[in-house]
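S.K.: Contents are mmCIF, C-alpha atoms and all ligand atoms; file name work06.cif:
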data_model
#
loop_
_atom_site.group_PDB
_atom_site.id
_atom_site.type_symbol
_atom_site.label_atom_id
_atom_site.label_comp_id
_atom_site.auth_asym_id
_atom_site.auth_seq_id
_atom_site.Cartn_x
_atom_site.Cartn_y
_atom_site.Cartn_z
ATOM 1 C CA MET A 131 -220.756 41.288 118.873
ATOM 2 C CA PRO A 132 -221.748 43.236 115.735
ATOM 3 C CA LYS A 133 -224.909 42.042 114.006
ATOM 4 C CA PRO A 134 -223.942 39.726 111.109
ATOM 5 C CA ILE A 135 -224.419 40.870 107.501
ATOM 6 C CA ARG A 136 -226.877 38.356 106.100
ATOM 7 C CA LYS A 137 -228.783 40.263 103.446
ATOM 8 C CA ALA A 138 -227.776 41.979 100.221
ATOM 9 C CA VAL A 139 -229.759 44.458 98.150
ATOM 10 C CA PHE A 140 -229.418 44.543 94.362
ATOM 11 C CA PRO A 141 -231.049 47.569 92.713
ATOM 12 C CA VAL A 142 -232.000 46.264 89.266
ATOM 13 C CA ALA A 143 -234.723 48.674 88.206
ATOM 14 C CA GLY A 144 -232.634 50.774 85.755
ATOM 15 C CA LEU A 145 -233.805 51.088 82.152
ATOM 16 C CA GLY A 146 -230.527 50.323 80.397
ATOM 17 C CA THR A 147 -230.990 52.953 77.697
ATOM 18 C CA ARG A 148 -227.256 52.910 76.951
ATOM 19 C CA PHE A 149 -227.599 49.377 75.593
ATOM 20 C CA LEU A 150 -230.583 49.840 73.302
ATOM 21 C CA PRO A 151 -231.732 47.981 71.295
ATOM 22 C CA ALA A 152 -230.314 45.007 73.264
ATOM 23 C CA THR A 153 -232.290 46.106 76.325
ATOM 24 C CA LYS A 154 -235.569 46.865 74.569
ATOM 25 C CA ALA A 155 -237.244 43.664 75.758
ATOM 26 C CA MET A 156 -234.560 42.331 78.113
ATOM 27 C CA PRO A 157 -233.199 43.812 81.356
ATOM 28 C CA LYS A 158 -229.625 45.090 81.094
ATOM 29 C CA GLU A 159 -228.722 42.950 84.111
ATOM 30 C CA MET A 160 -229.371 39.857 81.965
ATOM 31 C CA LEU A 161 -226.739 40.771 79.359
ATOM 32 C CA THR A 162 -224.077 38.104 79.579
ATOM 33 C CA VAL A 163 -220.454 38.319 80.551
ATOM 34 C CA VAL A 164 -219.216 35.118 78.906
ATOM 35 C CA ASP A 165 -222.055 32.698 79.742
ATOM 36 C CA ARG A 166 -223.482 34.176 82.936
ATOM 37 C CA PRO A 167 -225.810 37.165 83.183
ATOM 38 C CA ILE A 168 -224.165 40.193 84.791
ATOM 39 C CA ILE A 169 -226.549 39.930 87.747
ATOM 40 C CA GLN A 170 -225.510 36.303 88.282
ATOM 41 C CA HIS A 171 -221.843 37.371 88.588
ATOM 42 C CA VAL A 172 -222.820 39.931 91.224
ATOM 43 C CA VAL A 173 -224.977 37.438 93.127
ATOM 44 C CA ASP A 174 -222.025 34.981 92.950
ATOM 45 C CA GLU A 175 -219.831 37.612 94.606
ATOM 46 C CA ALA A 176 -222.388 38.179 97.371
ATOM 47 C CA ARG A 177 -222.851 34.479 97.998
ATOM 48 C CA ALA A 178 -219.087 33.844 98.067
ATOM 49 C CA GLY A 179 -218.900 36.674 100.604
ATOM 50 C CA GLY A 180 -221.343 34.877 102.915
ATOM 51 C CA ILE A 181 -224.663 36.543 102.018
ATOM 52 C CA GLU A 182 -227.705 34.358 102.656
ATOM 53 C CA HIS A 183 -230.617 36.482 101.460
ATOM 54 C CA PHE A 184 -230.753 38.228 98.098
ATOM 55 C CA ILE A 185 -233.126 41.170 97.753
ATOM 56 C CA PHE A 186 -233.802 42.482 94.259
ATOM 57 C CA VAL A 187 -235.376 45.876 93.740
ATOM 58 C CA THR A 188 -236.863 45.474 90.288
ATOM 59 C CA GLY A 189 -239.169 47.449 88.041
ATOM 60 C CA ARG A 190 -241.350 46.983 84.997
ATOM 61 C CA ASN A 191 -240.116 44.422 82.452
ATOM 62 C CA LYS A 192 -237.719 42.779 84.899
ATOM 63 C CA GLY A 193 -239.679 39.574 85.488
ATOM 64 C CA VAL A 194 -237.051 37.490 83.719
ATOM 65 C CA ILE A 195 -234.581 38.227 86.546
ATOM 66 C CA GLU A 196 -236.973 36.533 88.951
ATOM 67 C CA ASP A 197 -237.285 33.592 86.550
ATOM 68 C CA HIS A 198 -233.511 33.362 86.295
ATOM 69 C CA PHE A 199 -233.212 32.784 90.045
ATOM 70 C CA ASP A 200 -235.991 30.192 90.077
ATOM 71 C CA SER A 201 -235.788 26.516 89.145
ATOM 72 C CA GLN A 202 -236.834 25.605 85.619
ATOM 73 C CA PHE A 203 -238.608 22.311 85.851
ATOM 74 C CA GLU A 204 -238.906 21.498 82.116
ATOM 75 C CA LEU A 205 -235.297 22.419 81.441
ATOM 76 C CA GLU A 206 -234.055 20.333 84.352
ATOM 77 C CA ARG A 207 -236.115 17.353 83.246
ATOM 78 C CA THR A 208 -234.814 17.611 79.682
ATOM 79 C CA LEU A 209 -231.197 17.856 80.866
ATOM 80 C CA LYS A 210 -231.752 14.779 83.030
ATOM 81 C CA GLU A 211 -233.334 12.821 80.165
ATOM 82 C CA ARG A 212 -230.417 13.707 77.900
ATOM 83 C CA GLY A 213 -227.853 12.684 80.493
ATOM 84 C CA LYS A 214 -226.397 16.167 80.810
ATOM 85 C CA ALA A 215 -225.440 15.717 84.448
ATOM 86 C CA GLY A 216 -222.759 18.432 84.460
ATOM 87 C CA GLU A 217 -225.091 21.147 83.159
ATOM 88 C CA LEU A 218 -227.831 20.091 85.556
ATOM 89 C CA GLU A 219 -225.465 20.161 88.510
ATOM 90 C CA ALA A 220 -224.201 23.613 87.537
ATOM 91 C CA LEU A 221 -227.760 24.968 87.340
ATOM 92 C CA GLN A 222 -228.611 23.506 90.726
ATOM 93 C CA ARG A 223 -225.426 24.870 92.287
ATOM 94 C CA ASP A 224 -226.335 28.403 91.184
ATOM 95 C CA LEU A 225 -229.922 28.201 92.373
ATOM 96 C CA PRO A 226 -230.645 30.089 95.595
ATOM 97 C CA LYS A 227 -232.245 27.919 98.271
ATOM 98 C CA PRO A 228 -236.010 28.240 98.786
ATOM 99 C CA GLY A 229 -236.775 31.461 100.630
ATOM 100 C CA GLN A 230 -233.353 33.024 100.003
ATOM 101 C CA THR A 231 -234.613 35.563 97.447
ATOM 102 C CA SER A 232 -237.013 38.481 97.735
ATOM 103 C CA PHE A 233 -238.270 40.773 95.026
ATOM 104 C CA THR A 234 -239.824 44.181 95.422
ATOM 105 C CA ARG A 235 -240.505 46.933 92.906
ATOM 106 C CA GLN A 236 -239.354 50.492 92.647
ATOM 107 C CA GLN A 237 -242.514 51.969 91.214
ATOM 108 C CA SER A 238 -241.002 55.219 89.940
ATOM 109 C CA PRO A 239 -237.415 55.927 88.852
ATOM 110 C CA LEU A 240 -236.590 58.398 91.631
ATOM 111 C CA GLY A 241 -232.931 57.496 92.098
ATOM 112 C CA LEU A 242 -230.608 54.950 93.696
ATOM 113 C CA GLY A 243 -231.383 56.106 97.246
ATOM 114 C CA HIS A 244 -235.068 55.583 96.571
ATOM 115 C CA ALA A 245 -234.422 52.109 95.113
ATOM 116 C CA VAL A 246 -232.539 51.097 98.266
ATOM 117 C CA TRP A 247 -235.296 52.576 100.446
ATOM 118 C CA CYS A 248 -237.816 50.332 98.649
ATOM 119 C CA ALA A 249 -236.040 47.338 100.291
ATOM 120 C CA ARG A 250 -236.411 48.680 103.850
ATOM 121 C CA GLU A 251 -239.194 46.321 104.971
ATOM 122 C CA ILE A 252 -237.360 43.258 103.678
ATOM 123 C CA VAL A 253 -234.002 44.280 105.159
ATOM 124 C CA GLY A 254 -235.523 45.205 108.527
ATOM 125 C CA ASN A 255 -233.423 46.483 111.396
ATOM 126 C CA GLU A 256 -230.045 44.994 110.534
ATOM 127 C CA PRO A 257 -226.930 46.058 108.631
ATOM 128 C CA PHE A 258 -226.900 44.930 105.009
ATOM 129 C CA ALA A 259 -224.787 44.792 101.878
ATOM 130 C CA LEU A 260 -225.605 46.832 98.794
ATOM 131 C CA LEU A 261 -224.192 45.777 95.434
ATOM 132 C CA LEU A 262 -224.689 47.824 92.276
ATOM 133 C CA PRO A 263 -225.138 45.259 89.534
ATOM 134 C CA ASP A 264 -223.639 47.321 86.709
ATOM 135 C CA VAL A 265 -220.205 47.129 88.235
ATOM 136 C CA LEU A 266 -218.210 43.892 88.317
ATOM 137 C CA HIS A 267 -215.469 43.682 90.945
ATOM 138 C CA TYR A 268 -212.993 41.108 89.715
ATOM 139 C CA ALA A 269 -210.705 39.682 92.406
ATOM 140 C CA GLU A 270 -209.524 36.395 93.905
ATOM 141 C CA THR A 271 -211.477 37.087 97.091
ATOM 142 C CA PRO A 272 -214.894 38.707 96.703
ATOM 143 C CA CYS A 273 -214.921 42.440 97.425
ATOM 144 C CA ILE A 274 -218.086 42.321 99.517
ATOM 145 C CA GLY A 275 -216.723 39.370 101.522
ATOM 146 C CA GLU A 276 -213.606 41.376 102.428
ATOM 147 C CA MET A 277 -215.805 44.277 103.465
ATOM 148 C CA ILE A 278 -217.950 42.012 105.630
ATOM 149 C CA LYS A 279 -214.751 40.805 107.355
ATOM 150 C CA ALA A 280 -213.636 44.391 107.956
ATOM 151 C CA TYR A 281 -217.082 45.174 109.380
ATOM 152 C CA GLY A 282 -216.792 42.156 111.708
ATOM 153 C CA GLN A 283 -213.565 43.584 113.149
ATOM 154 C CA ARG A 284 -214.806 47.160 113.374
ATOM 155 C CA PRO A 285 -218.547 47.714 112.906
ATOM 156 C CA GLY A 286 -219.750 50.749 111.002
ATOM 157 C CA ASN A 287 -220.576 51.621 107.419
ATOM 158 C CA TYR A 288 -218.210 50.620 104.635
ATOM 159 C CA ILE A 289 -217.886 51.857 101.074
ATOM 160 C CA ALA A 290 -215.606 50.245 98.490
ATOM 161 C CA VAL A 291 -213.427 52.793 96.717
ATOM 162 C CA ALA A 292 -210.924 52.638 93.857
ATOM 163 C CA PRO A 293 -208.944 55.224 91.902
ATOM 164 C CA VAL A 294 -210.252 56.738 88.653
ATOM 165 C CA PRO A 295 -208.502 59.143 86.277
ATOM 166 C CA ALA A 296 -208.947 62.782 87.374
ATOM 167 C CA ASP A 297 -211.002 63.603 84.262
ATOM 168 C CA GLN A 298 -213.630 61.018 85.274
ATOM 169 C CA THR A 299 -214.290 62.034 88.902
ATOM 170 C CA HIS A 300 -217.384 64.025 87.864
ATOM 171 C CA GLN A 301 -219.109 60.777 86.826
ATOM 172 C CA TYR A 302 -219.012 59.166 90.293
ATOM 173 C CA GLY A 303 -219.373 59.579 94.023
ATOM 174 C CA ILE A 304 -215.945 60.631 95.337
ATOM 175 C CA VAL A 305 -214.559 60.327 98.874
ATOM 176 C CA GLY A 306 -211.969 62.184 100.939
ATOM 177 C CA LEU A 307 -210.065 60.014 103.436
ATOM 178 C CA GLU A 308 -208.159 60.368 106.688
ATOM 179 C CA ASP A 309 -205.420 58.101 105.272
ATOM 180 C CA ALA A 310 -205.541 57.712 101.492
ATOM 181 C CA ASN A 311 -203.005 54.849 101.502
ATOM 182 C CA ALA A 312 -204.584 52.575 104.105
ATOM 183 C CA LYS A 313 -206.650 49.506 103.153
ATOM 184 C CA THR A 314 -209.497 50.849 105.295
ATOM 185 C CA SER A 315 -209.664 54.451 106.383
ATOM 186 C CA ARG A 316 -212.201 56.748 107.947
ATOM 187 C CA ILE A 317 -214.051 58.815 105.359
ATOM 188 C CA THR A 318 -213.874 62.553 105.915
ATOM 189 C CA ARG A 319 -215.898 63.685 102.877
ATOM 190 C CA MET A 320 -218.268 62.316 100.255
ATOM 191 C CA VAL A 321 -219.488 64.165 97.175
ATOM 192 C CA GLU A 322 -221.818 62.842 94.490
ATOM 193 C CA LYS A 323 -220.589 63.725 90.992
ATOM 194 C CA PRO A 324 -218.351 66.687 91.939
ATOM 195 C CA LYS A 325 -217.832 69.410 89.322
ATOM 196 C CA SER A 326 -214.474 68.998 87.599
ATOM 197 C CA GLY A 327 -211.611 70.346 89.683
ATOM 198 C CA THR A 328 -213.539 70.108 92.977
ATOM 199 C CA ALA A 329 -213.179 66.386 93.798
ATOM 200 C CA PRO A 330 -211.621 65.699 97.239
ATOM 201 C CA SER A 331 -209.522 62.830 95.761
ATOM 202 C CA ASN A 332 -209.446 60.474 92.802
ATOM 203 C CA LEU A 333 -211.085 57.663 94.805
ATOM 204 C CA HIS A 334 -214.537 56.844 93.541
ATOM 205 C CA ILE A 335 -217.377 54.983 95.212
ATOM 206 C CA SER A 336 -217.271 51.772 93.226
ATOM 207 C CA GLY A 337 -220.651 50.208 94.001
ATOM 208 C CA ARG A 338 -220.186 47.943 97.031
ATOM 209 C CA TYR A 339 -221.470 49.093 100.411
ATOM 210 C CA ILE A 340 -222.172 47.837 103.926
ATOM 211 C CA LEU A 341 -224.821 50.049 105.452
ATOM 212 C CA GLU A 342 -226.444 50.240 108.847
ATOM 213 C CA PRO A 343 -230.260 50.286 108.830
ATOM 214 C CA GLU A 344 -230.351 53.914 110.071
ATOM 215 C CA ILE A 345 -229.871 54.810 106.388
ATOM 216 C CA PHE A 346 -233.567 54.016 105.839
ATOM 217 C CA ARG A 347 -234.672 56.608 108.419
ATOM 218 C CA ILE A 348 -232.711 59.242 106.510
ATOM 219 C CA LEU A 349 -234.060 58.081 103.151
ATOM 220 C CA ASP A 350 -237.590 58.318 104.601
ATOM 221 C CA ALA A 351 -237.373 62.094 104.063
ATOM 222 C CA GLY A 352 -237.089 61.572 100.278
ATOM 223 C CA GLU A 353 -234.783 64.555 99.778
ATOM 224 C CA ARG A 354 -233.647 65.157 96.197
ATOM 225 C CA GLY A 355 -229.999 65.782 95.366
ATOM 226 C CA ALA A 356 -227.757 65.717 92.266
ATOM 227 C CA GLY A 357 -229.811 65.370 89.059
ATOM 228 C CA GLY A 358 -233.080 65.854 91.005
ATOM 229 C CA GLU A 359 -232.789 62.244 92.252
ATOM 230 C CA ILE A 360 -232.912 60.743 95.742
ATOM 231 C CA GLN A 361 -229.223 59.870 96.097
ATOM 232 C CA ILE A 362 -227.770 57.198 98.361
ATOM 233 C CA THR A 363 -224.614 59.331 98.673
ATOM 234 C CA ASP A 364 -226.595 62.256 100.117
ATOM 235 C CA ALA A 365 -228.198 59.959 102.697
ATOM 236 C CA MET A 366 -224.734 58.606 103.590
ATOM 237 C CA ILE A 367 -223.405 62.157 104.020
ATOM 238 C CA ARG A 368 -226.210 62.864 106.501
ATOM 239 C CA MET A 369 -225.624 59.614 108.327
ATOM 240 C CA ALA A 370 -221.862 60.240 108.574
ATOM 241 C CA GLU A 371 -222.680 63.134 110.922
ATOM 242 C CA THR A 372 -223.479 60.567 113.620
ATOM 243 C CA ARG A 373 -222.191 57.163 112.428
ATOM 244 C CA PRO A 374 -218.700 56.033 111.338
ATOM 245 C CA PHE A 375 -218.060 55.568 107.613
ATOM 246 C CA TYR A 376 -214.983 53.733 106.373
ATOM 247 C CA ALA A 377 -213.603 53.369 102.884
ATOM 248 C CA PHE A 378 -212.466 49.914 101.823
ATOM 249 C CA ARG A 379 -209.855 50.166 99.113
ATOM 250 C CA PHE A 380 -210.562 47.566 96.437
ATOM 251 C CA ASP A 381 -207.366 46.334 94.767
ATOM 252 C CA GLY A 382 -208.885 44.121 92.076
ATOM 253 C CA THR A 383 -210.162 45.215 88.667
ATOM 254 C CA ILE A 384 -213.463 46.998 88.182
ATOM 255 C CA TYR A 385 -215.502 46.634 85.009
ATOM 256 C CA ASP A 386 -218.283 49.168 84.642
ATOM 257 C CA CYS A 387 -220.733 47.128 82.578
ATOM 258 C CA GLY A 388 -223.013 50.163 82.405
ATOM 259 C CA SER A 389 -220.693 51.366 79.633
ATOM 260 C CA LYS A 390 -220.152 49.510 76.367
ATOM 261 C CA ILE A 391 -216.372 49.496 76.657
ATOM 262 C CA GLY A 392 -216.478 48.243 80.252
ATOM 263 C CA PHE A 393 -218.919 45.539 79.247
ATOM 264 C CA LEU A 394 -216.793 44.393 76.293
ATOM 265 C CA ALA A 395 -213.611 44.453 78.404
ATOM 266 C CA ALA A 396 -215.352 42.376 81.086
ATOM 267 C CA ASN A 397 -216.278 39.760 78.519
ATOM 268 C CA VAL A 398 -212.708 39.462 77.296
ATOM 269 C CA ALA A 399 -211.193 39.465 80.809
ATOM 270 C CA TYR A 400 -213.628 36.920 82.259
ATOM 271 C CA ALA A 401 -213.178 34.642 79.244
ATOM 272 C CA LEU A 402 -209.379 34.896 79.476
ATOM 273 C CA ALA A 403 -209.669 33.763 83.114
ATOM 274 C CA ARG A 404 -211.446 30.569 81.979
ATOM 275 C CA PRO A 405 -209.110 27.662 81.180
ATOM 276 C CA ASP A 406 -211.695 26.191 78.778
ATOM 277 C CA LEU A 407 -211.867 29.379 76.709
ATOM 278 C CA ALA A 408 -208.603 31.275 77.155
ATOM 279 C CA PRO A 409 -206.298 29.495 74.643
ATOM 280 C CA ALA A 410 -208.753 29.698 71.727
ATOM 281 C CA LEU A 411 -209.819 33.247 72.578
ATOM 282 C CA ARG A 412 -206.194 34.374 72.734
ATOM 283 C CA GLY A 413 -205.735 33.049 69.205
ATOM 284 C CA GLU A 414 -208.838 34.910 67.968
ATOM 285 C CA LEU A 415 -207.770 38.154 69.645
ATOM 286 C CA LYS A 416 -204.317 37.923 68.075
ATOM 287 C CA LYS A 417 -205.933 37.627 64.640
ATOM 288 C CA LEU A 418 -208.118 40.654 65.291
ATOM 289 C CA LEU A 419 -205.435 42.886 66.746
HETATM 290 C C1 LIG A 501 -223.897 55.451 91.436
HETATM 291 C C2 LIG A 501 -223.551 56.167 92.742
HETATM 292 C C3 LIG A 501 -222.139 56.734 92.675
HETATM 293 C C4 LIG A 501 -221.154 55.619 92.344
HETATM 294 C C5 LIG A 501 -221.572 54.900 91.050
HETATM 295 C C6 LIG A 501 -220.681 53.676 90.817
HETATM 296 O O1 LIG A 501 -223.969 56.392 90.396
HETATM 297 O O2 LIG A 501 -224.502 57.199 92.967
HETATM 298 O O3 LIG A 501 -221.802 57.326 93.917
HETATM 299 O O4 LIG A 501 -219.850 56.168 92.198
HETATM 300 O O5 LIG A 501 -222.931 54.453 91.120
HETATM 301 O O6 LIG A 501 -220.945 53.120 89.563
HETATM 302 P P1 LIG A 501 -224.692 56.090 88.980
HETATM 303 O O7 LIG A 501 -223.743 55.241 88.215
HETATM 304 O O8 LIG A 501 -225.972 55.392 89.320
HETATM 305 O O9 LIG A 501 -224.901 57.436 88.349
#
What do you get writing this file as structure tokens?
Ligand code: G1P
M.R.:
Amino acid sequence: MPKPIRKAVFPVAGLGTRFLPATKAMPKEMLTVVDRPIIQHVVDEARAGGIEHFIFVTGRNKGVIEDHFDSQFELERTLKERGKAGELEALQRDLPKPGQTSFTRQQSPLGLGHAVWCAREIVGNEPFALLLPDVLHYAETPCIGEMIKAYGQRPGNYIAVAPVPADQTHQYGIVGLEDANAKTSRITRMVEKPKSGTAPSNLHISGRYILEPEIFRILDAGERGAGGEIQITDAMIRMAETRPFYAFRFDGTIYDCGSKIGFLAANVAYALARPDLAPALRGELKKLL
């Protein structure tokens, strides 16, 4: 029996410079897509996929993320007093159970691989999920949940991939596959931010991973890669020499909320998926367009 995937790591230490001044005093992960912070959407995905422990790798000025996943006594009391049972219930539904969250800090911005490595003591010696909070994976069934199922059938490391236009491959990690059309396929190559014209395919690493704990031993070395940063992709390349890596092809829609256009599109798409908002929003959009 493969070890179950119980824990998920959320690297939330990034500065969010692309969203200044909105992110001057507020973490970018707290920007809202409709009425939920981006990080809440990603935690929702993990929880729907069966994750039981949520590990946040934070940094300076990120305390409000910890507050967001805590109960808010005064607010709850006020909602109760005002008879707002629906709102209160919704807040309580979202709240992780006591002991289900952990927070640790990445003390210097040394890269994504380093951020993940900072969670090693909390993850321990078991496979775990990694979800990049900038990227929303919109689908009927949660991307990470599907990956956990695939892992249950065939243990190993899994990376979600999805196509990008050829002129964007240099912005991402790109994979080469044994079978580019299969839902899951063995990965034959991985390159972080390949120079234009050198990408092994148009399938990019979209920000959802299942990783075996051996990744931490490789990250221990602290080797720098692309951009002088400790890259998770480089550690995965090393690990793929001895452990199986599979790509999981994500068929839903990806919104890269690290970019303004992706963030705006996510807001429109998520609102249009809400029966309480869609009709009125459609009317407003028609007026604008
Ligand atoms: C990171 C990963 C990259 C992946 C991307 C997805 O890059 O290193 O492999 O394709 O996230 O958004 P970053 O966006 O941090 O530069």
S.K.: Show which residues sit within 7 Å of A:Asp264, as a list in words. Count all atoms listed in the file, and ignore same-chain residues fewer than 4 positions away.
M.R.: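 Selected residues are Asp386, Cys387 and Gly388 of chain A.
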S.K.: Using the chain letters and numbers from the file, which residues does the PyMOL selection byres (((chain A and resi 345) around 9) and not hetatm) grab, as a PyMOL selection string?
M.R.: chain A and resi 247+341-344+346-350+362+365-366+368-369
S.K.: Once the PyMOL selection byres (((chain A and resi 377) around 7) and not hetatm) is applied to the coordinates I shared, what remains selected? I want it as a PDB file with C-alpha atoms, keeping the file's coordinate frame.
M.R.:
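So the final result, stored in result25.pdb, reads:
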ATOM      1  CA  TYR A 288    -218.210  50.620 104.635  1.00  0.00           C
ATOM      2  CA  ILE A 289    -217.886  51.857 101.074  1.00  0.00           C
ATOM      3  CA  ALA A 290    -215.606  50.245  98.490  1.00  0.00           C
ATOM      4  CA  VAL A 291    -213.427  52.793  96.717  1.00  0.00           C
ATOM      5  CA  THR A 314    -209.497  50.849 105.295  1.00  0.00           C
ATOM      6  CA  SER A 315    -209.664  54.451 106.383  1.00  0.00           C
ATOM      7  CA  ARG A 316    -212.201  56.748 107.947  1.00  0.00           C
ATOM      8  CA  ILE A 317    -214.051  58.815 105.359  1.00  0.00           C
ATOM      9  CA  PHE A 375    -218.060  55.568 107.613  1.00  0.00           C
ATOM     10  CA  TYR A 376    -214.983  53.733 106.373  1.00  0.00           C
ATOM     11  CA  PHE A 378    -212.466  49.914 101.823  1.00  0.00           C
ATOM     12  CA  ARG A 379    -209.855  50.166  99.113  1.00  0.00           C
TER      13      ARG A 379
END
S.K.: Which of these residues is nearest to ligand LIG 501 (chain A), using all atoms listed in the file: A:Ala356, A:Ala401, A:Ile169, A:Ile335?
M.R.: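 Looking at the shortest contact to ligand LIG 501 (chain A), the residue is A:Ile335.
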S.K.: Might you pull out every residue within 7 Å of A:Val294, with all atoms listed in the file counted and same-chain residues fewer than 6 positions away left off, and present them as a count of residues only?
M.R.: 3
S.K.: Step by step: locate stretch 271-299 of chain A in the block above, keep C-alpha atoms, then write the file as a short mmCIF file (atom, residue, chain, number, x, y, z; two decimals), in the first residue's frame.
M.R.:
data_model
loop_
_atom_site.label_atom_id
_atom_site.label_comp_id
_atom_site.auth_asym_id
_atom_site.auth_seq_id
_atom_site.Cartn_x
_atom_site.Cartn_y
_atom_site.Cartn_z
CA THR A 271 -13.05 17.66 -9.79
CA PRO A 272 -10.07 19.17 -7.98
CA CYS A 273 -6.78 18.78 -9.84
CA ILE A 274 -4.82 17.72 -6.77
CA GLY A 275 -7.52 15.18 -5.85
CA GLU A 276 -7.21 13.54 -9.28
CA MET A 277 -3.45 13.43 -8.86
CA ILE A 278 -3.77 11.83 -5.43
CA LYS A 279 -6.00 9.15 -7.01
CA ALA A 280 -3.43 8.52 -9.75
CA TYR A 281 -0.73 8.25 -7.08
CA GLY A 282 -2.87 5.71 -5.19
CA GLN A 283 -2.98 3.50 -8.28
CA ARG A 284 0.68 3.93 -9.18
CA PRO A 285 2.92 5.52 -6.54
CA GLY A 286 5.63 7.93 -7.61
CA ASN A 287 5.97 11.65 -8.17
CA TYR A 288 3.32 13.52 -10.12
CA ILE A 289 3.39 16.91 -11.80
CA ALA A 290 0.32 18.57 -13.31
CA VAL A 291 0.96 19.81 -16.84
CA ALA A 292 -1.07 21.78 -19.39
CA PRO A 293 -0.35 23.25 -22.81
CA VAL A 294 0.85 26.85 -23.25
CA PRO A 295 1.44 28.78 -26.48
CA ALA A 296 4.95 28.15 -27.87
CA ASP A 297 5.97 31.78 -27.30
CA GLN A 298 5.36 31.40 -23.55
CA THR A 299 7.35 28.22 -22.81
#
